[in-house]
Amino acid sequence: MAVEPLSHKEIEERLEDLPGWSVEGDQITRTYTYVSHLDAADAVGRIARVQDELNHHSDLALGYTTLTVSVNTHSVGGKVTALDFELAHRIQEVATGAAA
């Protein structure tokens with residue numbers, strides 16, 4: 001089954017189900033804030049396991065108490081697809097546990 005890029009309207013509609021996420025260029029993104037650096041680093045590990053399970057990977061930027069996640073699908077020219085929303089929903093499940 002071929003993966004197709006979503007239209008801007010489809011992206012905006014799907015973002016309604018992902019509080020805190022937004023579209024930036026050709027990615028959907030969210031920054032999580034944690035109580036400590038260790039909590040933020042732990043979230044990286046939880047997200048990495050989900051990414052490996054789905055075989056779909058995001059960019060992760062770890063700060064002192066923040067973690068920024070940026071997602072798109074490289075195989076369709078770096079556009080946003082339904083796969084990205086599947087990953088974002090799964091990230092939402094595992095990343096918010098220790099978020100401040």
# chains A, B, ... in the order shown; residues from 1 in each chain; ligands from 1

$ select_by_dssp --residues "chain A" --states "strand (DSSP E)" --output "list of chain:residue names"
A:Ser22, A:Val23, A:Glu24, A:Gln27, A:Ile28, A:Thr29, A:Arg30, A:Thr31, A:Tyr32, A:Thr33, A:Asp59, A:Leu60, A:Ala61, A:Leu62, A:Thr66, A:Leu67, A:Thr68, A:Val69, A:Ser70, A:Val71

$ residues_around --residues "A:Glu12" --least-positions-apart "3" --cutoff "12 Å" --atoms "only C-alpha atoms" --output "PDB file with N, CA, C and O atoms, in the first residue's frame"
ATOM      1  N   LEU A   6      -0.578  14.004   2.958  1.00  0.00           N
ATOM      2  CA  LEU A   6      -1.878  14.562   3.304  1.00  0.00           C
ATOM      3  C   LEU A   6      -1.950  16.013   2.858  1.00  0.00           C
ATOM      4  O   LEU A   6      -0.932  16.713   2.824  1.00  0.00           O
ATOM      5  N   SER A   7      -3.145  16.469   2.565  1.00  0.00           N
ATOM      6  CA  SER A   7      -3.341  17.885   2.215  1.00  0.00           C
ATOM      7  C   SER A   7      -3.233  18.721   3.495  1.00  0.00           C
ATOM      8  O   SER A   7      -3.343  18.197   4.616  1.00  0.00           O
ATOM      9  N   HIS A   8      -3.044  20.012   3.334  1.00  0.00           N
ATOM     10  CA  HIS A   8      -2.961  20.909   4.489  1.00  0.00           C
ATOM     11  C   HIS A   8      -4.250  20.811   5.316  1.00  0.00           C
ATOM     12  O   HIS A   8      -4.199  20.785   6.547  1.00  0.00           O
ATOM     13  N   LYS A   9      -5.384  20.738   4.652  1.00  0.00           N
ATOM     14  CA  LYS A   9      -6.668  20.626   5.352  1.00  0.00           C
ATOM     15  C   LYS A   9      -6.736  19.330   6.160  1.00  0.00           C
ATOM     16  O   LYS A   9      -7.181  19.331   7.321  1.00  0.00           O
ATOM     17  N   LEU A  15      -4.805  17.257  13.387  1.00  0.00           N
ATOM     18  CA  LEU A  15      -4.146  17.885  14.533  1.00  0.00           C
ATOM     19  C   LEU A  15      -5.133  18.194  15.653  1.00  0.00           C
ATOM     20  O   LEU A  15      -4.727  18.317  16.818  1.00  0.00           O
ATOM     21  N   GLU A  16      -6.412  18.287  15.331  1.00  0.00           N
ATOM     22  CA  GLU A  16      -7.421  18.555  16.358  1.00  0.00           C
ATOM     23  C   GLU A  16      -7.448  17.451  17.411  1.00  0.00           C
ATOM     24  O   GLU A  16      -7.841  17.698  18.550  1.00  0.00           O
ATOM     25  N   ASP A  17      -7.021  16.250  17.051  1.00  0.00           N
ATOM     26  CA  ASP A  17      -6.983  15.118  17.985  1.00  0.00           C
ATOM     27  C   ASP A  17      -5.642  14.985  18.700  1.00  0.00           C
ATOM     28  O   ASP A  17      -5.439  14.005  19.434  1.00  0.00           O
ATOM     29  N   LEU A  18      -4.735  15.940  18.481  1.00  0.00           N
ATOM     30  CA  LEU A  18      -3.405  15.875  19.096  1.00  0.00           C
ATOM     31  C   LEU A  18      -3.091  17.201  19.792  1.00  0.00           C
ATOM     32  O   LEU A  18      -2.407  18.063  19.245  1.00  0.00           O
ATOM     33  N   PRO A  19      -3.575  17.386  21.008  1.00  0.00           N
ATOM     34  CA  PRO A  19      -3.313  18.635  21.726  1.00  0.00           C
ATOM     35  C   PRO A  19      -1.825  18.917  21.854  1.00  0.00           C
ATOM     36  O   PRO A  19      -1.043  18.020  22.159  1.00  0.00           O
ATOM     37  N   TRP A  21       0.275  19.621  19.502  1.00  0.00           N
ATOM     38  CA  TRP A  21       0.992  19.406  18.249  1.00  0.00           C
ATOM     39  C   TRP A  21       0.610  20.499  17.258  1.00  0.00           C
ATOM     40  O   TRP A  21      -0.503  21.019  17.283  1.00  0.00           O
ATOM     41  N   SER A  22       1.545  20.837  16.370  1.00  0.00           N
ATOM     42  CA  SER A  22       1.278  21.838  15.335  1.00  0.00           C
ATOM     43  C   SER A  22       2.025  21.454  14.068  1.00  0.00           C
ATOM     44  O   SER A  22       2.870  20.559  14.072  1.00  0.00           O
ATOM     45  N   VAL A  23       1.704  22.142  12.996  1.00  0.00           N
ATOM     46  CA  VAL A  23       2.407  21.916  11.739  1.00  0.00           C
ATOM     47  C   VAL A  23       3.438  23.032  11.586  1.00  0.00           C
ATOM     48  O   VAL A  23       3.140  24.202  11.817  1.00  0.00           O
ATOM     49  N   GLU A  24       4.650  22.640  11.245  1.00  0.00           N
ATOM     50  CA  GLU A  24       5.733  23.593  10.980  1.00  0.00           C
ATOM     51  C   GLU A  24       6.391  23.161   9.688  1.00  0.00           C
ATOM     52  O   GLU A  24       7.082  22.130   9.654  1.00  0.00           O
ATOM     53  N   GLN A  27       6.360  19.328   8.532  1.00  0.00           N
ATOM     54  CA  GLN A  27       6.438  18.413   9.667  1.00  0.00           C
ATOM     55  C   GLN A  27       5.302  18.720  10.646  1.00  0.00           C
ATOM     56  O   GLN A  27       4.808  19.848  10.697  1.00  0.00           O
ATOM     57  N   ILE A  28       4.964  17.711  11.427  1.00  0.00           N
ATOM     58  CA  ILE A  28       4.161  17.984  12.615  1.00  0.00           C
ATOM     59  C   ILE A  28       5.111  17.896  13.796  1.00  0.00           C
ATOM     60  O   ILE A  28       6.053  17.094  13.793  1.00  0.00           O
ATOM     61  N   VAL A  80       3.980  15.169   5.218  1.00  0.00           N
ATOM     62  CA  VAL A  80       3.232  14.565   6.312  1.00  0.00           C
ATOM     63  C   VAL A  80       2.231  13.563   5.753  1.00  0.00           C
ATOM     64  O   VAL A  80       1.507  13.865   4.802  1.00  0.00           O
ATOM     65  N   PHE A  85       0.845  10.611  11.743  1.00  0.00           N
ATOM     66  CA  PHE A  85      -0.166  10.769  12.787  1.00  0.00           C
ATOM     67  C   PHE A  85      -0.278   9.524  13.652  1.00  0.00           C
ATOM     68  O   PHE A  85      -0.495   9.623  14.864  1.00  0.00           O
TER      69      PHE A  85
END

$ residues_around --residues "A:Ile91" --least-positions-apart "3" --cutoff "9 Å" --atoms "only C-alpha atoms" --output "list in words"
Arg46, Ile47, Val50, Gln51, Val69, Glu86, Leu87, Ala88, Val94, Ala95 and Thr96 of chain A

$ select_by_dssp --residues "stretch 4-90 of chain A" --states "helix (DSSP H, G or I)" --output "number ranges by chain"
A: 8-15, 37-54, 74-76, 82-90

$ closest_residue --among "A:Ala82, A:Glu10, A:Val71, A:His37" --to "A:Gly25" --atoms "only C-alpha atoms"
A:Val71

$ decode --residues "stretch 20-37 of chain A" --atoms "C-alpha atoms" --output "short mmCIF file (atom, residue, chain, number, x, y, z; two decimals), in the first residue's frame"
data_model
loop_
_atom_site.label_atom_id
_atom_site.label_comp_id
_atom_site.auth_asym_id
_atom_site.auth_seq_id
_atom_site.Cartn_x
_atom_site.Cartn_y
_atom_site.Cartn_z
CA GLY A 20 -0.05 20.55 21.73
CA TRP A 21 0.99 19.41 18.25
CA SER A 22 1.28 21.84 15.33
CA VAL A 23 2.41 21.92 11.74
CA GLU A 24 5.73 23.59 10.98
CA GLY A 25 6.68 23.54 7.33
CA ASP A 26 6.50 19.93 6.17
CA GLN A 27 6.44 18.41 9.67
CA ILE A 28 4.16 17.98 12.61
CA THR A 29 5.86 18.85 15.86
CA ARG A 30 5.45 19.13 19.60
CA THR A 31 7.66 20.17 22.48
CA TYR A 32 7.20 18.39 25.80
CA THR A 33 8.44 19.96 29.04
CA TYR A 34 9.54 17.75 31.92
CA VAL A 35 10.35 18.25 35.58
CA SER A 36 13.97 17.17 35.14
CA HIS A 37 16.55 16.40 32.50
#
